[in-house]
Every structure is written in C-alpha cells, then in structure tokens.
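Undergrad: Let me give you the structure first, and then I'll get to my questions.
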Amino acid sequence: MALLEIQSMTQVFGGLCALSDFNLRFDGGELNGLIGPNGAGKTTVFNLVSGFYKPTQGQILFKGRDTKPMKPHKITALGVARTFQNIRLWHDMTVLDNIRLARHQTLGYNLADALLRTKRYQRAEADIERNAHEILEALQLDRYAHERPRNLPYGMQRRVEIARALAVKPDLLLLDEPAAGLNTSDVDGLIQLIRWIHKEFKLTIWMIEHQMQVVMSLCTWIKVIDFGSTIAEGTPEQIQNNPDVIKAYLGDGTL
Ligand SMILES: Nc1ncnc2c1ncn2[C@@H]1O[C@H](COP(=O)(O)OP(=O)(O)OP(=O)(O)O)[C@@H](O)[C@H]1O
C-alpha cells in the first residue's frame with residue numbers, strides 16, 4: 001500500500017483553476033520536491049494534503065484512507081505534519097510549550113481523563129514531556145526551551161517550527177519553503193538538518209522550495225507545476241535540463 005496516493009486532484013477557487021489533474025504516489029521513505037514559479041499551485045497542493053482545503057475533484061489516500069472527510073487535526077494524527085511558508089509559531093508560549101502543545105493535539109485522552117487524572121492521562125502527559133525534550137535535544141534547541149520563539153533569530157524559529165512538526169511523530173513531513181528568509185549560512189545548516197532528519201527519523205519528506213540549491217541537493221525526485229498543471233517530473237539533473245521547466249522559469253530567472 002502506498003503511503004500517499006493522489007489521484008486526479010483538482011482545485012478550483014471561484015473561476016480560477018489553481019490545480020488540475022494532479023497525480024502522485026509515495027511508497028514511503030522518499031525525500032522529494034515540488035517546485036514551480038510563483039502562483040503555480042504548490043501551497044495549494046500542501047493545503048489539500050493536510051486537509052486545510054478539500055479537493056474540488058479527485059482523491060487523496062493516506063495509508064490507504066480517503067482523507068477528504070477528515071478534519072486537518074485528524075490527518076495530522078494519522079501522520080501528516082507540515083511547516084508553513086510564513087513561520088506560524090505560538091509566539092506567546094515558550095519553545096518547549098510549542099512542542100508540547102503540538103503533541104497534545106494528537107493524543108487520545110478526553111476531558112474526563114484530564115479531570116480525574118486517569119492512568120491514560122498520566123501516561124499521555126509523561127509521553128508529551130519525554131517526547132518534547134527528546135525533540136529539542138535532537139534538534140539542538142534545548143538551550144532555547146524556555147525562550148519565546150519571537151526572541152530567537154529567524155533561522156532558529158524555522159528550526160523550532162520543524163521541531164514542532166516532528167513532535168507529532170509524522171510519517172510524512174511537508175516543508176513549505178523551509179529556506180525562505182534564511183541567509184546563506186542558515187541555508188547550509190538547513191540542508192544538513194533536513195538530510196539528518198530524513199535519515200534519523202526515517203520519514204518521508206516532501207518539500208516546496210524556491211532555492212534551487214536546496215531542492216537539487218536534497219531531493220531524489222522533483223515534480224514541477226506551472227499554472228496548476230504538471231509540466232515535468234524527474235531527477236534533479238533531468239529537471240535542470242528540461243526545456244519546459246527552463247521556459248516556465250525564464251520569467252523570474254530563479255532556476
Ligand atoms: N484560498 C484561496 N482562494 C482563492 N484563490 C487562492 C486561494 N489559495 C490560493 N489561491 C490562488 O491559487 C493560485 C495558486 O496559489 P498557491 O499559493 O498554491 O501558489 P504557489 O505555487 O504556492 O505560489 P508561491 O510560490 O508564490 O507561494 C494563485 O493564483 C492563488 O492566488
């Protein structure tokens with residue numbers, strides 16, 4: 001069974017077709033990319049896979065289950081985590097609480113368990129605590145545990161957002177432009193971090209990224225969309241030499 005299978009996914013907003021006939025299959029373990037010029041429909045794909053949007057047409061199967069009727073938090077609990085193009089952290093909480101809360105949202109205890117402090121509640125809380133500290137340590141964020149994210153440099157905030165996504169123990173991690181806004185040395189660190197996370201956590205990573213050095217050095221397979229349609233897919237080398245891709249990018253010269 002595929003980890004993720006997308007069949008003929010189409011998304012229409014009013015009169016605008018943001019995505020048409022999008023197809024994809026991940027068996028699990030991939031580190032793949034999704035690229036395309038501005039407004040191509042990339043974030044729309046991630047919003048559909050994470051359940052923020054529901055496809056106008058087509059099907060998304062995650063671990064064989066149709067995610068269309070599921071709320072985003074159910075899809076997260078099933079194993080899909082994401083980061084956002086513009087970092088979305090809870091800035092009034094500490095880094096540690098950001099991580100704790102993320103895990104909290106996927107754990108199955110109810111209000112009665114919490115009020116009565118049942119065994120289930122105690123086990124879940126101990127799990128949240130252990131998991132949060134492990135993630136912070138693994139991503140070398142432990143020294144920032146009690147800081148507010150807004151007081152950290154931008155590169156560190158990105159790292160915290162990735163840590164928060166990992167806290168839900170995903171099988172599929174969606175990274176939406178993780179290198180956006182980072183300086184050159186932060187980008188080098190990010191490439192190493194993503195490579196390490198992929199190996200260490202043994203998960204599937206799918207990333208949207210405009211910085212070609214990031215996509216080309218990390219991804220084994222890249223899909224390219226333009227105006228909502230798939231125009232190419234292949235290895236980094238195939239993509240870099242594809243005339244349709246070069247033509248699509250000529251306008252903004254980012255390839
Ligand atoms: N909720 C929405 N309502 C209406 N139109 C939308 C909505 N979300 C996206 N769009 C439109 O769909 C198209 C694709 O947008 P999307 O954000 O997916 O592109 P993108 O490839 O991620 O762009 P960028 O690289 O600039 O982030 C755009 O024309 C956008 O304006």
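For the structure tokens, the naming scheme is as follows: chains receive sequential letters (A, B, ...) according to their order of presentation, residues are indexed from 1 within each chain, and ligands are indexed from 1 in presentation order.
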Select from chain A every residue with an atom at most 12 Å from any atom of ligand 1, then for each give the shortest pair of atoms and their distance in Å to one decimal, using only C-alpha atoms and all ligand atoms, rows by chain and rising number, as CSV.
TA:
residue,atom,partner,partner_atom_place_in_ligand_line,distance
A:Thr10,CA,ligand 1,12 (O),11.4
A:Gln11,CA,ligand 1,12 (O),8.5
A:Val12,CA,ligand 1,5 (N),8.1
A:Phe13,CA,ligand 1,4 (C),4.9
A:Gly14,CA,ligand 1,4 (C),7.1
A:Gly15,CA,ligand 1,4 (C),9.2
A:Leu16,CA,ligand 1,5 (N),7.0
A:Cys17,CA,ligand 1,12 (O),7.3
A:Ala18,CA,ligand 1,12 (O),4.4
A:Leu19,CA,ligand 1,14 (C),7.4
A:Ser20,CA,ligand 1,14 (C),11.0
A:Leu34,CA,ligand 1,21 (O),9.2
A:Ile35,CA,ligand 1,21 (O),7.6
A:Gly36,CA,ligand 1,21 (O),6.1
A:Pro37,CA,ligand 1,25 (O),5.9
A:Asn38,CA,ligand 1,26 (O),3.6
A:Gly39,CA,ligand 1,19 (O),3.4
A:Ala40,CA,ligand 1,21 (O),3.7
A:Gly41,CA,ligand 1,18 (O),3.2
A:Lys42,CA,ligand 1,21 (O),3.8
A:Thr43,CA,ligand 1,22 (O),3.7
A:Thr44,CA,ligand 1,18 (O),3.6
A:Val45,CA,ligand 1,18 (O),6.6
A:Phe46,CA,ligand 1,18 (O),8.1
A:Asn47,CA,ligand 1,18 (O),8.1
A:Leu48,CA,ligand 1,18 (O),9.8
A:Phe52,CA,ligand 1,1 (N),9.5
A:Tyr53,CA,ligand 1,1 (N),8.0
A:Lys54,CA,ligand 1,1 (N),10.8
A:Pro55,CA,ligand 1,1 (N),11.9
A:Phe84,CA,ligand 1,27 (O),10.2
A:Gln85,CA,ligand 1,27 (O),7.3
A:Asn86,CA,ligand 1,27 (O),9.8
A:Leu175,CA,ligand 1,22 (O),11.8
A:Asp176,CA,ligand 1,22 (O),8.4
A:Glu177,CA,ligand 1,27 (O),8.2
A:Pro178,CA,ligand 1,27 (O),11.8
A:Ala180,CA,ligand 1,27 (O),10.3
A:Met207,CA,ligand 1,22 (O),11.4
A:Ile208,CA,ligand 1,22 (O),8.1
A:Glu209,CA,ligand 1,25 (O),8.1
A:His210,CA,ligand 1,25 (O),7.2
A:Gln211,CA,ligand 1,25 (O),10.9
A:Val224,CA,ligand 1,21 (O),10.0
A:Ile225,CA,ligand 1,21 (O),7.9
A:Asp226,CA,ligand 1,21 (O),7.8
A:Phe227,CA,ligand 1,14 (C),7.5
A:Gly228,CA,ligand 1,14 (C),7.1
A:Ser229,CA,ligand 1,14 (C),10.8
A:Thr230,CA,ligand 1,21 (O),11.8
A:Tyr249,CA,ligand 1,25 (O),11.7
A:Asp252,CA,ligand 1,25 (O),11.3
A:Thr254,CA,ligand 1,25 (O),11.4
Undergrad: Return as an NGL selection string the full set of residues in stretch 5-249 of chain A whose backbone-based DSSP assignment is helix (DSSP H, G or I).
TA: :A and (42-49 or 72-78 or 95-104 or 111-116 or 119-138 or 142-144 or 149-151 or 154-166 or 184-201 or 212-218 or 236-240 or 243-249)
Undergrad: Mind listing the strand (DSSP E) residues of stretch 9-240 of chain A, per DSSP on the backbone, as a ChimeraX atom specification?
TA: /A:9-13,16-26,31-35,57-62,65-66,80-82,172-176,204-208,221-226,229-234
Undergrad: Take the residues that were just selected and, keeping C-alpha atoms, output them as a compact mmCIF listing (two decimals), in the first residue's frame.
TA:
# COMPACT_ATOMS: atom_id res chain seq x y z
CA MET A 9 -6.64 16.15 -7.73
CA THR A 10 -8.16 19.41 -8.94
CA GLN A 11 -8.82 22.60 -7.02
CA VAL A 12 -10.97 25.43 -8.26
CA PHE A 13 -11.36 28.75 -6.39
CA LEU A 16 -9.72 30.09 -11.00
CA CYS A 17 -8.39 26.57 -11.53
CA ALA A 18 -5.43 26.62 -9.10
CA LEU A 19 -4.61 22.94 -9.65
CA SER A 20 -5.64 20.45 -12.26
CA ASP A 21 -5.34 16.68 -12.57
CA PHE A 22 -2.50 16.35 -10.04
CA ASN A 23 -1.27 12.77 -9.54
CA LEU A 24 1.39 11.38 -7.21
CA ARG A 25 2.44 8.26 -5.34
CA PHE A 26 4.85 7.93 -2.42
CA LEU A 31 12.74 12.92 0.06
CA ASN A 32 11.10 14.64 -2.90
CA GLY A 33 10.44 18.14 -4.13
CA LEU A 34 7.62 20.18 -5.58
CA ILE A 35 8.65 23.28 -7.48
CA GLN A 57 -12.25 16.79 -7.67
CA GLY A 58 -10.05 13.76 -7.19
CA GLN A 59 -8.87 11.71 -4.27
CA ILE A 60 -6.15 11.78 -1.62
CA LEU A 61 -5.36 8.48 0.06
CA PHE A 62 -3.03 8.47 3.05
CA ARG A 65 -7.56 6.07 3.77
CA ASP A 66 -9.51 8.73 1.94
CA VAL A 80 0.92 14.18 8.19
CA ALA A 81 2.77 17.18 9.65
CA ARG A 82 3.70 20.42 7.96
CA LEU A 172 5.03 12.40 6.09
CA LEU A 173 6.59 15.80 6.71
CA LEU A 174 5.57 18.63 4.37
CA LEU A 175 8.04 21.52 4.33
CA ASP A 176 6.70 24.63 2.62
CA THR A 204 9.03 10.72 4.09
CA ILE A 205 9.76 14.36 3.33
CA TRP A 206 8.11 16.39 0.61
CA MET A 207 9.29 19.95 0.17
CA ILE A 208 8.34 23.06 -1.71
CA TRP A 221 12.64 13.17 -7.39
CA ILE A 222 11.12 16.52 -8.27
CA LYS A 223 7.72 17.41 -9.65
CA VAL A 224 7.26 20.71 -11.44
CA ILE A 225 3.95 22.52 -11.79
CA ASP A 226 3.04 25.69 -13.62
CA SER A 229 -0.57 21.71 -14.28
CA THR A 230 2.29 19.25 -14.01
CA ILE A 231 4.87 20.16 -16.63
CA ALA A 232 7.72 17.81 -15.65
CA GLU A 233 8.98 15.29 -13.14
CA GLY A 234 12.29 13.53 -12.70
Undergrad: Interatomic distance between atom CA of A:Lys74 and atom CA of A:Leu166?
TA: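 Answer for the atom CA of A:Lys74 to atom CA of A:Leu166 separation: 15.9 Å.
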Undergrad: For atom CA of A:Leu218 and atom CA of A:Arg195, determine how far apart the two atoms are, in Å to one decimal place.
TA: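 Interatomic distance, atom CA of A:Leu218 to atom CA of A:Arg195: 6.9 Å.
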Undergrad: Quick one: everything within 9 Å of stretch 159-162 of chain A, counting only C-alpha atoms, minus sequence neighbours fewer than 2 positions away in the same chain. Send it as a PyMOL selection string.
TA: chain A and resi 82-84+87-89+95+98-99+136+139+141+149+154-157+164-167+173+175+178+190+193
Undergrad: Between atom CA of A:Asp171 and atom CA of A:Arg103, what is the distance in Å, rounded to a tenth?
TA: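 Distance reported for this atom pair: 14.2 Å.
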Undergrad: Restricting the calculation to only C-alpha atoms, which member of A:Glu237, A:Asn131, A:Ala145, A:Ile191 is positioned closest to A:Thr94?
TA: A:Ala145
